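query12.json, holding JSON, C-alpha atoms and all ligand atoms:
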```
[["chain", "number", "residue", "atom", "x", "y", "z"],
["A", 21, "MET", "CA", -13.56, 15.53, 11.27],
["A", 22, "HIS", "CA", -15.10, 18.08, 8.96],
["A", 23, "ASP", "CA", -12.88, 20.76, 10.44],
["A", 24, "GLN", "CA", -9.74, 18.72, 9.83],
["A", 25, "ALA", "CA", -10.68, 18.20, 6.22],
["A", 26, "THR", "CA", -11.32, 21.91, 5.80],
["A", 27, "ILE", "CA", -7.91, 22.82, 7.22],
["A", 28, "LEU", "CA", -6.27, 20.27, 4.94],
["A", 29, "ARG", "CA", -8.05, 21.58, 1.88],
["A", 30, "GLU", "CA", -6.91, 25.09, 2.69],
["A", 31, "MET", "CA", -3.35, 23.89, 3.10],
["A", 32, "ALA", "CA", -3.63, 21.92, -0.11],
["A", 33, "SER", "CA", -4.50, 25.07, -2.01],
["A", 34, "HIS", "CA", -1.62, 27.06, -0.53],
["A", 35, "PRO", "CA", 0.49, 28.01, -3.57],
["A", 36, "ASP", "CA", 3.86, 27.81, -1.79],
["A", 37, "GLU", "CA", 3.21, 24.27, -0.74],
["A", 38, "ALA", "CA", 1.99, 22.87, -4.03],
["A", 39, "PRO", "CA", 2.59, 19.11, -3.95],
["A", 40, "ARG", "CA", 4.69, 17.36, -6.56],
["A", 41, "LYS", "CA", 2.26, 16.15, -9.15],
["A", 42, "SER", "CA", 3.99, 12.84, -9.62],
["A", 43, "PHE", "CA", 3.84, 11.66, -6.00],
["A", 44, "ARG", "CA", 1.67, 8.54, -5.73],
["A", 45, "VAL", "CA", 0.24, 6.58, -2.82],
["A", 46, "ILE", "CA", -0.29, 2.90, -3.59],
["A", 47, "SER", "CA", -1.86, 0.56, -1.01],
["A", 48, "VAL", "CA", -1.28, -3.17, -1.01],
["A", 49, "THR", "CA", -4.01, -5.10, 0.77],
["A", 50, "SER", "CA", -5.74, -8.48, 1.06],
["A", 51, "GLY", "CA", -8.92, -9.88, 2.57],
["A", 52, "LYS", "CA", -7.24, -12.68, 4.48],
["A", 53, "GLY", "CA", -3.93, -12.43, 6.32],
["A", 54, "GLY", "CA", -0.83, -14.37, 5.38],
["A", 55, "VAL", "CA", -1.30, -14.27, 1.61],
["A", 56, "GLY", "CA", 2.08, -12.63, 0.99],
["A", 57, "LYS", "CA", 1.43, -8.85, 1.19],
["A", 58, "THR", "CA", 4.55, -7.92, 3.11],
["A", 59, "ASN", "CA", 6.87, -9.92, 0.88],
["A", 60, "PHE", "CA", 5.14, -8.61, -2.22],
["A", 61, "THR", "CA", 5.26, -4.97, -1.02],
["A", 62, "VAL", "CA", 8.95, -5.06, -0.11],
["A", 63, "ASN", "CA", 9.96, -6.67, -3.39],
["A", 64, "LEU", "CA", 7.68, -4.48, -5.49],
["A", 65, "ALA", "CA", 9.35, -1.48, -3.82],
["A", 66, "LEU", "CA", 12.81, -2.82, -4.66],
["A", 67, "ALA", "CA", 11.79, -3.51, -8.26],
["A", 68, "LEU", "CA", 10.36, 0.02, -8.56],
["A", 69, "ILE", "CA", 13.64, 1.43, -7.25],
["A", 70, "ASP", "CA", 15.36, -0.35, -10.16],
["A", 71, "PHE", "CA", 12.94, 1.49, -12.46],
["A", 72, "GLY", "CA", 14.31, 4.76, -11.06],
["A", 73, "TYR", "CA", 11.66, 5.59, -8.46],
["A", 74, "ARG", "CA", 12.38, 6.65, -4.91],
["A", 75, "VAL", "CA", 10.12, 4.51, -2.74],
["A", 76, "ILE", "CA", 9.04, 4.61, 0.89],
["A", 77, "ILE", "CA", 6.95, 1.87, 2.49],
["A", 78, "LEU", "CA", 4.54, 2.74, 5.27],
["A", 79, "ASP", "CA", 4.38, -0.42, 7.33],
["A", 80, "GLY", "CA", 0.77, -0.61, 8.43],
["A", 81, "ASP", "CA", 1.09, -4.23, 9.45],
["A", 82, "LEU", "CA", 0.36, -4.87, 13.11],
["A", 83, "GLY", "CA", 1.18, -8.55, 12.76],
["A", 84, "LEU", "CA", 4.49, -10.24, 13.34],
["A", 85, "ALA", "CA", 5.84, -10.46, 9.82],
["A", 86, "ASN", "CA", 6.67, -6.78, 9.44],
["A", 87, "VAL", "CA", 8.44, -4.95, 6.66],
["A", 88, "ASP", "CA", 11.42, -4.20, 8.90],
["A", 89, "ILE", "CA", 11.79, -7.87, 9.83],
["A", 90, "ALA", "CA", 11.62, -8.84, 6.15],
["A", 91, "CYS", "CA", 14.57, -6.49, 5.61],
["A", 92, "GLY", "CA", 16.45, -7.57, 8.74],
["A", 93, "LEU", "CA", 16.10, -4.14, 10.40],
["A", 94, "THR", "CA", 15.05, -3.05, 13.88],
["A", 95, "PRO", "CA", 13.22, 0.26, 14.05],
["A", 96, "ARG", "CA", 13.54, 2.38, 17.18],
["A", 97, "PHE", "CA", 10.59, 4.66, 16.57],
["A", 98, "THR", "CA", 7.25, 4.42, 14.81],
["A", 99, "LEU", "CA", 4.48, 6.62, 13.49],
["A", 100, "GLU", "CA", 3.22, 6.85, 17.08],
["A", 101, "HIS", "CA", 6.22, 9.03, 17.94],
["A", 102, "LEU", "CA", 5.45, 11.26, 14.96],
["A", 103, "LEU", "CA", 1.80, 11.64, 15.93],
["A", 104, "SER", "CA", 2.71, 12.48, 19.51],
["A", 105, "GLY", "CA", 5.14, 15.11, 18.26],
["A", 106, "GLU", "CA", 8.16, 13.40, 19.87],
["A", 107, "LYS", "CA", 9.96, 12.64, 16.62],
["A", 108, "THR", "CA", 10.20, 14.04, 13.11],
["A", 109, "ILE", "CA", 9.63, 12.02, 9.97],
["A", 110, "GLU", "CA", 13.40, 11.91, 9.35],
["A", 111, "GLU", "CA", 13.93, 10.43, 12.81],
["A", 112, "ILE", "CA", 11.51, 7.54, 12.34],
["A", 113, "LEU", "CA", 12.41, 6.71, 8.72],
["A", 114, "ILE", "CA", 14.82, 3.81, 8.39],
["A", 115, "THR", "CA", 16.74, 2.85, 5.28],
["A", 116, "GLY", "CA", 16.58, -0.62, 3.80],
["A", 117, "PRO", "CA", 18.35, -2.22, 0.84],
["A", 118, "LYS", "CA", 18.83, -0.12, -2.32],
["A", 119, "GLY", "CA", 17.95, 3.00, -0.33],
["A", 120, "LEU", "CA", 14.38, 1.84, 0.29],
["A", 121, "GLY", "CA", 12.73, 4.02, 2.95],
["A", 122, "ILE", "CA", 10.66, 2.32, 5.64],
["A", 123, "LEU", "CA", 8.22, 4.12, 7.93],
["A", 124, "PRO", "CA", 7.35, 1.78, 10.79],
["A", 125, "GLY", "CA", 3.68, 2.26, 11.59],
["A", 126, "GLY", "CA", 3.11, 0.51, 14.90],
["A", 127, "SER", "CA", -0.23, 1.38, 16.43],
["A", 128, "GLY", "CA", 0.20, 4.88, 15.02],
["A", 129, "VAL", "CA", -1.40, 3.66, 11.80],
["A", 130, "GLN", "CA", -4.82, 3.44, 13.39],
["A", 131, "ASP", "CA", -4.33, 6.81, 15.07],
["A", 132, "LEU", "CA", -3.40, 8.49, 11.79],
["A", 133, "ALA", "CA", -7.02, 8.30, 10.61],
["A", 134, "ASN", "CA", -8.14, 10.03, 13.82],
["A", 135, "ILE", "CA", -5.49, 12.66, 14.43],
["A", 136, "GLU", "CA", -6.38, 15.25, 17.00],
["A", 137, "ARG", "CA", -6.62, 18.71, 15.61],
["A", 138, "ILE", "CA", -3.75, 20.10, 17.68],
["A", 139, "HIS", "CA", -1.38, 17.55, 16.15],
["A", 140, "LEU", "CA", -2.64, 17.84, 12.62],
["A", 141, "GLU", "CA", -0.44, 20.62, 11.33],
["A", 142, "ASN", "CA", 2.67, 18.96, 12.69],
["A", 143, "VAL", "CA", 1.71, 15.67, 11.04],
["A", 144, "ILE", "CA", 0.99, 17.33, 7.71],
["A", 145, "ARG", "CA", 4.27, 19.20, 7.83],
["A", 146, "ASN", "CA", 6.17, 15.98, 8.56],
["A", 147, "LEU", "CA", 4.34, 13.69, 6.17],
["A", 148, "GLY", "CA", 4.43, 16.42, 3.54],
["A", 149, "ARG", "CA", 8.23, 16.19, 3.58],
["A", 150, "LEU", "CA", 7.90, 12.64, 2.25],
["A", 151, "GLU", "CA", 7.23, 14.18, -1.13],
["A", 152, "GLY", "CA", 10.75, 15.54, -1.19],
["A", 153, "LEU", "CA", 12.12, 12.14, -0.24],
["A", 154, "ALA", "CA", 10.12, 9.79, -2.46],
["A", 155, "ASP", "CA", 8.07, 9.43, -5.62],
["A", 156, "ILE", "CA", 5.93, 6.55, -4.41],
["A", 157, "LEU", "CA", 4.56, 5.77, -0.97],
["A", 158, "LEU", "CA", 3.64, 2.08, -0.80],
["A", 159, "ILE", "CA", 1.39, 1.12, 2.11],
["A", 160, "ASP", "CA", 1.40, -2.44, 3.43],
["A", 161, "THR", "CA", -2.04, -2.25, 5.03],
["A", 162, "GLY", "CA", -1.86, -5.45, 7.04],
["A", 163, "ALA", "CA", -5.04, -7.50, 7.37],
["A", 164, "GLY", "CA", -8.06, -7.31, 9.62],
["A", 165, "LEU", "CA", -7.88, -3.65, 10.61],
["A", 166, "GLY", "CA", -11.44, -3.04, 9.46],
["A", 167, "HIS", "CA", -12.25, 0.60, 8.95],
["A", 168, "THR", "CA", -8.67, 1.78, 9.14],
["A", 169, "VAL", "CA", -7.74, -0.39, 6.16],
["A", 170, "THR", "CA", -10.69, 0.69, 4.03],
["A", 171, "ASN", "CA", -10.04, 4.35, 4.88],
["A", 172, "PHE", "CA", -6.43, 3.98, 3.77],
["A", 173, "LEU", "CA", -7.54, 2.26, 0.59],
["A", 174, "LYS", "CA", -10.06, 4.92, -0.29],
["A", 175, "ALA", "CA", -7.48, 7.63, 0.29],
["A", 176, "SER", "CA", -4.87, 5.98, -1.96],
["A", 177, "ASP", "CA", -4.26, 6.75, -5.60],
["A", 178, "ASP", "CA", -4.07, 3.06, -6.48],
["A", 179, "ILE", "CA", -5.08, -0.17, -4.75],
["A", 180, "ILE", "CA", -3.42, -3.54, -5.27],
["A", 181, "LEU", "CA", -5.41, -6.47, -3.84],
["A", 182, "LEU", "CA", -3.49, -9.66, -3.25],
["A", 183, "THR", "CA", -5.14, -13.06, -3.13],
["A", 184, "THR", "CA", -4.05, -16.65, -3.51],
["A", 185, "PRO", "CA", -6.03, -19.30, -5.40],
["A", 186, "GLU", "CA", -7.25, -20.73, -2.06],
["A", 187, "PRO", "CA", -11.05, -20.47, -1.74],
["A", 188, "THR", "CA", -10.82, -18.78, 1.70],
["A", 189, "SER", "CA", -8.41, -16.16, 0.41],
["A", 190, "LEU", "CA", -10.66, -15.51, -2.57],
["A", 191, "THR", "CA", -13.81, -15.25, -0.42],
["A", 192, "ASP", "CA", -12.08, -12.75, 1.86],
["A", 193, "ALA", "CA", -10.79, -10.78, -1.14],
["A", 194, "TYR", "CA", -14.40, -10.55, -2.32],
["A", 195, "GLY", "CA", -15.42, -9.41, 1.19],
["A", 196, "MET", "CA", -12.81, -6.67, 1.05],
["A", 197, "LEU", "CA", -14.10, -5.49, -2.34],
["A", 198, "LYS", "CA", -17.64, -5.51, -1.02],
["A", 199, "ALA", "CA", -16.63, -3.36, 1.97],
["A", 200, "LEU", "CA", -14.85, -0.96, -0.39],
["A", 201, "ARG", "CA", -17.81, -0.58, -2.66],
["A", 202, "SER", "CA", -20.53, -0.40, -0.05],
["A", 203, "ASP", "CA", -20.73, 3.38, -0.11],
["A", 204, "GLU", "CA", -20.66, 6.23, -2.57],
["A", 205, "GLN", "CA", -17.22, 5.38, -3.98],
["A", 206, "LYS", "CA", -18.37, 2.68, -6.34],
["A", 207, "LYS", "CA", -15.83, 3.54, -8.97],
["A", 208, "ILE", "CA", -12.61, 2.66, -7.12],
["A", 209, "GLN", "CA", -10.48, 0.61, -9.48],
["A", 210, "VAL", "CA", -8.86, -2.36, -7.81],
["A", 211, "HIS", "CA", -5.86, -4.15, -9.33],
["A", 212, "VAL", "CA", -5.62, -7.81, -8.46],
["A", 213, "VAL", "CA", -2.43, -9.81, -8.04],
["A", 214, "VAL", "CA", -2.78, -13.57, -7.64],
["A", 215, "ASN", "CA", 0.04, -14.87, -5.46],
["A", 216, "ARG", "CA", 1.33, -18.43, -5.09],
["A", 217, "VAL", "CA", 0.07, -19.81, -8.40],
["A", 218, "SER", "CA", 1.53, -22.85, -10.12],
["A", 219, "HIS", "CA", 0.63, -21.79, -13.69],
["A", 220, "GLU", "CA", -0.68, -18.81, -15.58],
["A", 221, "ALA", "CA", -3.98, -20.70, -16.07],
["A", 222, "ASP", "CA", -4.26, -21.02, -12.31],
["A", 223, "ALA", "CA", -3.92, -17.23, -11.96],
["A", 224, "ARG", "CA", -6.42, -16.49, -14.70],
["A", 225, "ALA", "CA", -9.00, -18.95, -13.33],
["A", 226, "THR", "CA", -8.65, -17.44, -9.84],
["A", 227, "PHE", "CA", -9.04, -13.92, -11.20],
["A", 228, "GLU", "CA", -12.09, -14.92, -13.25],
["A", 229, "ARG", "CA", -13.83, -16.36, -10.20],
["A", 230, "LEU", "CA", -13.33, -13.08, -8.37],
["A", 231, "GLU", "CA", -14.27, -10.99, -11.39],
["A", 232, "ASN", "CA", -17.49, -12.94, -11.96],
["A", 233, "ALA", "CA", -18.58, -12.49, -8.35],
["A", 234, "VAL", "CA", -17.77, -8.77, -8.47],
["A", 235, "ARG", "CA", -19.67, -8.33, -11.72],
["A", 236, "ARG", "CA", -22.72, -10.33, -10.63],
["A", 237, "PHE", "CA", -23.12, -9.26, -7.04],
["A", 238, "LEU", "CA", -21.43, -5.87, -6.83],
["A", 239, "GLN", "CA", -22.05, -4.65, -10.39],
["A", 240, "GLY", "CA", -18.39, -3.66, -10.42],
["A", 241, "SER", "CA", -15.17, -4.59, -12.12],
["A", 242, "VAL", "CA", -11.62, -5.48, -11.16],
["A", 243, "SER", "CA", -8.53, -5.79, -13.30],
["A", 244, "LEU", "CA", -5.76, -8.35, -13.31],
["A", 245, "LEU", "CA", -2.40, -6.68, -12.66],
["A", 246, "GLY", "CA", -0.38, -9.89, -12.62],
["A", 247, "TRP", "CA", 0.53, -13.02, -10.72],
["A", 248, "VAL", "CA", 3.43, -14.44, -8.73],
["A", 249, "TYR", "CA", 4.46, -18.08, -8.87],
["A", 250, "GLU", "CA", 4.65, -20.33, -5.85],
["A", 251, "ASP", "CA", 8.37, -20.36, -5.24],
["A", 252, "PRO", "CA", 10.27, -22.03, -2.38],
["A", 253, "LEU", "CA", 12.89, -19.25, -2.58],
["A", 254, "VAL", "CA", 10.33, -16.82, -1.07],
["A", 255, "GLY", "CA", 10.30, -18.84, 2.15],
["A", 256, "LYS", "CA", 14.10, -19.16, 2.07],
["A", 257, "ALA", "CA", 14.51, -15.38, 1.75],
["A", 258, "VAL", "CA", 12.10, -14.94, 4.70],
["A", 259, "MET", "CA", 14.27, -17.26, 6.78],
["A", 260, "ARG", "CA", 17.36, -15.23, 5.86],
["A", 261, "GLN", "CA", 15.54, -11.97, 6.68],
["A", 262, "GLU", "CA", 16.61, -10.69, 3.32],
["A", 263, "PRO", "CA", 14.22, -9.53, 0.61],
["A", 264, "LEU", "CA", 13.85, -11.92, -2.33],
["A", 265, "ALA", "CA", 15.12, -9.14, -4.62],
["A", 266, "ILE", "CA", 18.42, -9.19, -2.78],
["A", 267, "ALA", "CA", 18.78, -12.87, -1.83],
["A", 268, "TYR", "CA", 17.39, -14.43, -5.03],
["A", 269, "PRO", "CA", 17.07, -11.75, -7.72],
["A", 270, "THR", "CA", 16.80, -14.33, -10.49],
["A", 271, "SER", "CA", 14.00, -16.33, -8.81],
["A", 272, "ALA", "CA", 10.75, -16.99, -10.65],
["A", 273, "ALA", "CA", 8.74, -15.13, -8.00],
["A", 274, "TYR", "CA", 10.91, -12.00, -8.24],
["A", 275, "HIS", "CA", 10.73, -12.02, -12.04],
["A", 276, "CYS", "CA", 6.95, -11.87, -11.71],
["A", 277, "ILE", "CA", 7.23, -8.94, -9.31],
["A", 278, "GLN", "CA", 9.59, -7.11, -11.68],
["A", 279, "TRP", "CA", 7.03, -7.60, -14.43],
["A", 280, "ILE", "CA", 4.31, -6.15, -12.19],
["A", 281, "ALA", "CA", 6.59, -3.22, -11.28],
["A", 282, "GLY", "CA", 6.91, -2.54, -15.00],
["A", 283, "SER", "CA", 3.12, -2.18, -15.25],
["A", 284, "VAL", "CA", 2.95, -0.05, -12.11],
["A", 285, "SER", "CA", 5.67, 2.27, -13.38],
["A", 286, "GLY", "CA", 4.54, 2.34, -16.99],
["A", 287, "LEU", "CA", 1.02, 3.54, -16.42],
["A", 288, "TYR", "CA", -1.11, 5.36, -13.95],
["A", 289, "LEU", "CA", -3.39, 2.67, -12.65],
["A", 290, "ALA", "CA", -6.13, 5.15, -11.90],
["A", 291, "PRO", "CA", -6.87, 8.68, -13.08],
["A", 292, "PRO", "CA", -5.05, 11.18, -10.84],
["A", 293, "HIS", "CA", -6.97, 12.63, -7.92],
["A", 294, "LYS", "CA", -7.71, 16.34, -8.12],
["A", 295, "GLU", "CA", -5.79, 16.92, -4.91],
["A", 296, "SER", "CA", -2.58, 15.00, -5.31],
["A", 297, "GLY", "CA", 0.31, 14.27, -2.99],
["A", 298, "ILE", "CA", 0.36, 13.72, 0.77],
["A", 299, "ARG", "CA", -2.06, 16.55, 1.52],
["A", 300, "GLY", "CA", -4.58, 15.13, -0.91],
["A", 301, "PHE", "CA", -4.11, 11.69, 0.62],
["A", 302, "LEU", "CA", -4.63, 13.02, 4.17],
["A", 303, "THR", "CA", -7.66, 15.04, 3.10],
["A", 304, "ARG", "CA", -9.27, 11.91, 1.72],
["A", 305, "LEU", "CA", -8.19, 9.84, 4.73],
["A", 306, "LEU", "CA", -9.84, 12.25, 7.16],
["A", 307, "ARG", "CA", -12.98, 12.72, 5.13],
["A", 308, "HIS", "CA", -14.32, 9.33, 6.26],
["A", 401, "LIG", "N1", 5.02, -16.56, -4.02],
["A", 401, "LIG", "C1", 5.24, -17.26, -2.90],
["A", 401, "LIG", "N2", 5.75, -18.51, -2.95],
["A", 401, "LIG", "C2", 5.97, -19.23, -1.82],
["A", 401, "LIG", "N3", 5.70, -18.79, -0.59],
["A", 401, "LIG", "C3", 5.19, -17.56, -0.46],
["A", 401, "LIG", "C4", 4.93, -16.72, -1.58],
["A", 401, "LIG", "N4", 4.45, -15.55, -1.13],
["A", 401, "LIG", "C5", 4.39, -15.64, 0.21],
["A", 401, "LIG", "N5", 4.83, -16.85, 0.63],
["A", 401, "LIG", "C6", 4.90, -17.34, 2.02],
["A", 401, "LIG", "O1", 3.86, -16.78, 2.77],
["A", 401, "LIG", "C7", 4.33, -16.29, 4.00],
["A", 401, "LIG", "C8", 3.54, -15.09, 4.42],
["A", 401, "LIG", "O2", 3.89, -13.99, 3.63],
["A", 401, "LIG", "P1", 3.71, -12.49, 4.16],
["A", 401, "LIG", "O3", 4.23, -12.36, 5.53],
["A", 401, "LIG", "O4", 4.28, -11.61, 3.11],
["A", 401, "LIG", "O5", 2.13, -12.39, 4.18],
["A", 401, "LIG", "P2", 1.22, -11.21, 4.68],
["A", 401, "LIG", "O6", 0.04, -11.17, 3.77],
["A", 401, "LIG", "O7", 2.00, -9.97, 4.83],
["A", 401, "LIG", "O8", 0.79, -11.71, 6.12],
["A", 401, "LIG", "P3", 0.07, -10.88, 7.28],
["A", 401, "LIG", "O9", -1.35, -10.72, 6.85],
["A", 401, "LIG", "O10", 0.22, -11.76, 8.48],
["A", 401, "LIG", "O11", 0.79, -9.57, 7.40],
["A", 401, "LIG", "C9", 5.81, -15.99, 3.76],
["A", 401, "LIG", "O12", 6.56, -16.18, 4.93],
["A", 401, "LIG", "C10", 6.22, -16.97, 2.69],
["A", 401, "LIG", "O13", 6.77, -18.12, 3.29],
["A", 402, "MG", "MG", 2.33, -8.73, 6.46]]
```
Could you take the file, read its structure, and then write that structure out as structure tokens?
Ligand SMILES: Nc1ncnc2c1ncn2[C@@H]1O[C@H](COP(=O)(O)OP(=O)(O)OP(=O)(O)O)[C@@H](O)[C@H]1O
Ligand SMILES: [Mg+2]
Amino acid sequence: MHDQATILREMASHPDEAPRKSFRVISVTSGKGGVGKTNFTVNLALALIDFGYRVIILDGDLGLANVDIACGLTPRFTLEHLLSGEKTIEEILITGPKGLGILPGGSGVQDLANIERIHLENVIRNLGRLEGLADILLIDTGAGLGHTVTNFLKASDDIILLTTPEPTSLTDAYGMLKALRSDEQKKIQVHVVVNRVSHEADARATFERLENAVRRFLQGSVSLLGWVYEDPLVGKAVMRQEPLAIAYPTSAAYHCIQWIAGSVSGLYLAPPHKESGIRGFLTRLLRH
């Protein structure tokens, strides 16, 4: 592991391969499954595209409701084929609505954090090309992947944590924050989105419950990025296998996501990492 990180650091400092400074990796996660991550990620990506960003989603979801399904697409290859050296990044990337790039993860997501040394250079070369293809890599982390999820989160530039007002969702969101803060990286800033709320007050009360617990028991802080209303059109879009942004662009839920995209695009949620871009991300991913 140490060796991999050393190689990556050396590559990161190679002047010819200086990463684009603006490239950002944003992970979307939740404690409990089924809170709306995949729908949120896809629609946030589409809203960010409208703000002029080129966006690629890494689908780290091993469950059934995958990013490709949400977009009505069927991938042929996944990250597994990249890690095994069978396919290039261009061969596994699929294109969704508005030119959204989708990288199907499959079980390759778990392997990415444990790449064998012989495959490492090939993976860096391939993933490094993402920086020429996108400005933002959004990762739908899926739920319940344990260490893989927290490693991805710690490697990201920004973390968005989704919860609903349900007590179980909130408890699991707290559990996720606790896992994230249980080691040396106590300063990770986490941006909370409360999904499926009926009113603003509902969102604020949910956020305050989480914030209080984090302050009291973890001596940490979280910030409220925004909320998304409970909206029957989300379920309808899912049934149509069309993103909400395409099927119902004037829906209340999508308006909320556009508002959140405005915040995400208007400011850097966290101070930039010293080593930016894909190489910086992989260096941090492999450090754990
Ligand atoms: N704002 C909303 N209003 C109404 N329904 C919603 C909303 N957000 C999500 N849902 C419903 O929740 C379901 C689950 O959403 P989604 O698949 O995005 O969750 P997930 O967190 O990715 O789940 P998993 O952990 O299984 O990957 C959707 O099919 C949709 O019906
Ligand atoms: Mg999902």
### Task
Check which residues fall inside 10 Å of ligand LIG 401 (chain A) when counting only C-alpha atoms and all ligand atoms, and print them as JSON, numbers by chain.
{"A": [48, 49, 50, 51, 52, 53, 54, 55, 56, 57, 58, 59, 60, 61, 62, 63, 79, 80, 81, 82, 83, 84, 85, 86, 87, 89, 90, 160, 161, 162, 163, 164, 182, 183, 184, 214, 215, 216, 217, 218, 247, 248, 249, 250, 251, 252, 253, 254, 255, 256, 257, 258, 259, 272, 273, 274, 276, 277]}
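The residue that comes closest to Ser285 (chain A), out of A:Ile156, A:Ala193, A:Val143, A:Leu99 and on the basis of all atoms listed in the file, is A:Ile156.
Of the listed residues (A:Leu78, A:Gln209, A:Leu147, A:Pro117), A:Leu78 comes nearest to ligand MG 402 (chain A); the distances count all atoms listed in the file.
Residues having any atom no farther than 10 Å from (-4.7, 7.8, 11.3) (counting only C-alpha atoms) are Leu99, Glu100, Leu103, Ser127, Gly128, Val129, Gln130, Asp131, Leu132, Ala133, Asn134, Ile135, Glu136, Thr168, Asn171, Phe172, Leu302, Leu305 and Leu306 of chain A.
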### Message
Please determine, counting only C-alpha atoms, which residue among A:Arg44, A:Arg74, A:Arg235, A:His275 has the shortest atom-to-atom distance to Leu153 (chain A).
### Response
A:Arg74
### CA of Arg307 (chain A) to CA of Leu244 (chain A), distance in Å rounded to a single decimal
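According to the coordinates, CA of Arg307 (chain A) and CA of Leu244 (chain A) are separated by 28.9 Å.
We find CA of Arg96 (chain A) and CA of Phe71 (chain A) to be spaced 29.7 Å apart.
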### Query
How many Å lie between CA of Arg201 (chain A) and CA of Leu238 (chain A), rounded to one decimal?
7.6 Å
### Message
Please determine, counting all atoms listed in the file, which residue among A:Arg236, A:Arg260, A:Arg224, A:Arg299 has the shortest atom-to-atom distance to Tyr194 (chain A).
### Response
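Using all atoms listed in the file, the shortest distance to Tyr194 (chain A) belongs to A:Arg236.
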#### Entry: Selected residue of minimal separation from ligand MG 402 (chain A) among A:Leu200, A:Val210, A:Leu113, A:Ile159, counting all atoms listed in the file
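The answer is A:Ile159, which sits nearest to ligand MG 402 (chain A).
Using all atoms listed in the file, the smallest distance between any of A:Asp88, A:Val242, A:Lys118, A:Thr94 and ligand MG 402 (chain A) comes from A:Asp88.
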